[in-house]
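Participant: This is the structure, below, for whatever I ask next.
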Amino acid sequence: MIQNRDIIVIGIQPWDIEIGSNCKNIAMEFARRNRVLYVNTPLDRVSMYKEKNTLKIQHRIKVQKGLVPDLVKLEHNLWNLNPLGIVESINWVKSPWLYDLLNKRNNRIFAKAILKAIKTLEFKDYILFNDSSMFQGFYMKEFLKPSTYVYYMRDYLTKNPYWRKQGVRLEPQLICKADVVVNNSTLYTNYGKQFNKHSYMVGQGCDVSLFNDVDREIVAADDLTNIPSPIIGYVGFLSSRRLDVQLIAHIARQRPMWSIVLVGPEDDVFKASDLHSIPNVHFLGSRDSSVLPNYIKGFDICMNPQIVNDATIGNYPRKIDEYLAMGKPTIATVTEAMEYFRKFTYLGSNHDNYIYLIEKALNENSPEKQQERRTFALSHTWENNVLEIYKAIESVAASK
């Protein structure tokens, strides 16, 4: 347990991001026992002009003009900083030497704003936690001189064209000079170990309270009533980049007595797919996240039929925790990230293997297995996730 410390959090997601954020959840958990400064990404010149009509950028511009404060207290022990100073957009630069020179200048501007806030808050002996910011965080160890520099890797960003351009070269260097690297996937942990022996798997925090059907009554959704059992279901965005359309079609055609239920918005590939012509495949459309537990409640089997690619191979699938929190038998495509769930899920390696495992899951389901799944998923709290991060930090501190 780390407590009564000062922690600075930087990353690739600002506090006012519209979607959920691992980094924000971690920062709030840090703040339960420590003072935390959450630093937004610095304002870059291209965004300032291209997105000047958005509320977010308008607020950033007001900060630069001194019309609103740059440092705001959000709650007890937690502050948010919109850093003063505008950085240049340099991803277009091809020369590594020139890029590094300009990036160091950007880092210096960014660090100056953070140091000002550090002085105001009287932070001392602070920990710096960097959520995947491989460019803007590259020189922060040198400029901020934290007692411990933690690099948090939770996505294969270098597979994305924007990050790949300079990240393939820079991220290994940043991992190397970090004091400790924490990861939410065994794939990322093993990648980090290539450059830093202090690379640790810390798991993932999730808020699965919405899916806890032991502490509150959850009733199956009404529109599942007339769909024949067994129901093999999926909830979430139906993205052909992440889900195997042909696998879903194979299951439906090979087992016409099963009902395949898909809950969520479709991308263009799904909309145009043959799945819509298969009688036992049911598209229920987009549903509010608050009622997703009602659909999972009505499933006999939950599935996550992923394609294995750069987008899926290492990502921690929160969806699996949601399925398991409701005790549901769950089948998913085997990936390195899914190995973490092997004891509590059925991992399919090909189309026919999926059918075999679904049949196996239907036959083996029991109250004892349901409880084991619930216990496992409900242990993945943000508190437990941050405790693992603390352990990693403390182990490195002990080795020093």
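Identifiers in the structure tokens: chain A, B, ... in order shown; residue index from 1 per chain; ligand index from 1 in order shown.
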Write out as a PyMOL selection string each polymer residue whose atoms come within 10 Å of stretch 314-324 of chain A, counting only C-alpha atoms; drop sequence neighbours fewer than 4 positions from it.
Facilitator: chain A and resi 154-156+183-189+203-212+234-236+292-293+296-297+299+301-304+308-310+328-332+335-338+340-341+344-345+370-380
Participant: Quick one: residues within 9 Å of stretch 109-114 of chain A, only C-alpha atoms counted, chain neighbours fewer than 2 positions away excluded, as a list in words?
Facilitator: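 After dropping sequence-adjacent residues, the list is Ile8, Val39, Thr41, Pro42, Leu81, Asn82, Pro83, Leu84, Gly85, Ile86, Val87, Lys104, Arg105, Asn106, Asn107, Lys116, Ala117, Ile118, Lys119, Gln136, Gly137, Tyr139, Met140, Phe143 and Leu144 of chain A.
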Participant: Let me make sure I understand: among A:Tyr49, A:Tyr390, A:Glu339, A:Ala220, which one has the smallest atom-to-atom distance to A:Ile7 if we use only C-alpha atoms?
Facilitator: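 Selected residue with least distance to A:Ile7: A:Tyr390.
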Participant: Can you pull out every residue from stretch 255-304 of chain A that DSSP, working from the backbone, puts in helix (DSSP H, G or I), and format the result as a list in words?
Facilitator: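 For stretch 255-304 of chain A, the helix (DSSP H, G or I) set is Asp268, Val269, Phe270, Lys271, Asp274, Leu275, His276, Ser277, Ser289, Ser290, Val291, Leu292, Pro293, Asn294, Tyr295, Ile296, Lys297 and Gly298 of chain A.
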Participant: Using only C-alpha atoms, please write the residues we just selected to a file, as a PDB file, in the first residue's frame.
Facilitator:
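Generated file (selection28.pdb):
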```pdb
ATOM      1  CA  ASP A 268     -21.122  -1.639 -42.584  1.00  0.00           C
ATOM      2  CA  VAL A 269     -19.661  -5.139 -42.994  1.00  0.00           C
ATOM      3  CA  PHE A 270     -22.082  -6.608 -40.471  1.00  0.00           C
ATOM      4  CA  LYS A 271     -25.001  -4.750 -42.066  1.00  0.00           C
ATOM      5  CA  ASP A 274     -25.192 -13.004 -44.883  1.00  0.00           C
ATOM      6  CA  LEU A 275     -25.937 -13.198 -41.153  1.00  0.00           C
ATOM      7  CA  HIS A 276     -29.144 -11.243 -41.797  1.00  0.00           C
ATOM      8  CA  SER A 277     -30.464 -14.073 -43.985  1.00  0.00           C
ATOM      9  CA  SER A 289     -25.588   0.236 -21.484  1.00  0.00           C
ATOM     10  CA  SER A 290     -27.837   0.254 -18.406  1.00  0.00           C
ATOM     11  CA  VAL A 291     -29.968  -2.603 -19.792  1.00  0.00           C
ATOM     12  CA  LEU A 292     -27.156  -4.819 -21.137  1.00  0.00           C
ATOM     13  CA  PRO A 293     -27.215  -6.944 -17.949  1.00  0.00           C
ATOM     14  CA  ASN A 294     -30.856  -7.795 -18.751  1.00  0.00           C
ATOM     15  CA  TYR A 295     -29.769  -9.263 -22.083  1.00  0.00           C
ATOM     16  CA  ILE A 296     -26.833 -11.169 -20.623  1.00  0.00           C
ATOM     17  CA  LYS A 297     -29.228 -12.537 -17.996  1.00  0.00           C
ATOM     18  CA  GLY A 298     -31.262 -14.182 -20.769  1.00  0.00           C
TER      19      GLY A 298
END
```
Participant: What's around A:Leu247 at 10 Å? Count only C-alpha atoms, leave out sequence neighbours fewer than 6 positions away in its own chain, and write the answer as a ChimeraX atom specification.
Facilitator: /A:253,305-307,350-352,354-355
Participant: For A:Ile90, list every protein, DNA or RNA residue within 9 Å, evaluated using only C-alpha atoms, and leave out those in the same chain fewer than 6 positions away; present the list as a ChimeraX atom specification.
Facilitator: /A:99,102-103
Participant: Would you mind exporting the chosen residues as an mmCIF file, in the first residue's frame, restricted to C-alpha atoms?
Facilitator:
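Heads up, here's the output in again-v6.cif:
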```cif
data_model
loop_
_atom_site.group_PDB
_atom_site.id
_atom_site.type_symbol
_atom_site.label_atom_id
_atom_site.label_comp_id
_atom_site.auth_asym_id
_atom_site.auth_seq_id
_atom_site.Cartn_x
_atom_site.Cartn_y
_atom_site.Cartn_z
ATOM 1 C CA TYR A 99 11.819 14.902 -34.494
ATOM 2 C CA LEU A 102 11.408 19.240 -31.589
ATOM 3 C CA ASN A 103 9.893 16.684 -29.231
#
```
Participant: Could you please determine the separation between atom CA of A:Cys23 and atom CA of A:Asn80 in Å, to one decimal place?
Facilitator: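 Computing the Euclidean distance for atom CA of A:Cys23 and atom CA of A:Asn80 yields 12.9 Å.
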Participant: Using only C-alpha atoms, determine which residues lie at most 7 Å from A:Asp131, disregarding the query and same-chain residues fewer than 2 positions distant; provide the list as a ChimeraX atom specification.
Facilitator: /A:10-12,23,129,133,151-153
Participant: Next, dump the selected residues to file, keeping only N, CA and C atoms, as a tab-separated table (two decimals), in the first residue's frame.
Facilitator:
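And here is the file that came out, again15.tsv:
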```tsv
chain	number	residue	atom	x	y	z
A	10	ILE	N	0.20	11.67	-16.01
A	10	ILE	CA	0.12	12.20	-17.37
A	10	ILE	C	-0.33	11.06	-18.28
A	11	GLY	N	-0.82	11.40	-19.46
A	11	GLY	CA	-1.27	10.34	-20.35
A	11	GLY	C	-1.80	10.87	-21.65
A	12	ILE	N	-2.52	10.01	-22.35
A	12	ILE	CA	-3.02	10.37	-23.67
A	12	ILE	C	-4.50	10.74	-23.63
A	23	CYS	N	-7.14	5.42	-17.10
A	23	CYS	CA	-6.25	6.34	-16.40
A	23	CYS	C	-7.00	7.16	-15.36
A	129	PHE	N	3.32	8.86	-12.97
A	129	PHE	CA	2.62	7.75	-13.62
A	129	PHE	C	2.24	8.19	-15.03
A	133	SER	N	1.84	7.73	-22.78
A	133	SER	CA	2.23	8.93	-23.51
A	133	SER	C	3.71	8.83	-23.89
A	151	TYR	N	5.70	3.65	-16.23
A	151	TYR	CA	5.11	3.67	-17.57
A	151	TYR	C	4.02	2.61	-17.62
A	152	TYR	N	2.80	3.02	-17.98
A	152	TYR	CA	1.63	2.13	-18.01
A	152	TYR	C	1.29	1.82	-19.46
A	153	MET	N	1.34	0.54	-19.83
A	153	MET	CA	1.06	0.11	-21.19
A	153	MET	C	-0.20	-0.75	-21.18
```
Participant: A:Gln166, A:Asn4, A:Thr54, A:Ser47: which is nearest A:Ala31, counting only C-alpha atoms?
Facilitator: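 Of all the options, A:Asn4 lies closest to A:Ala31.
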Participant: Please provide as a ChimeraX atom specification all residues within 12 Å of A:Ser399, with the sequence filter that same-chain residues fewer than 2 positions apart are discarded (counting only C-alpha atoms).
Facilitator: /A:179-180,197-198,392-397
Participant: From the set A:Lys159, A:Leu224, A:Lys343, A:Asn190, which residue has the shortest atom-to-atom contact distance to A:Ala311, counting only C-alpha atoms?
Facilitator: A:Lys159
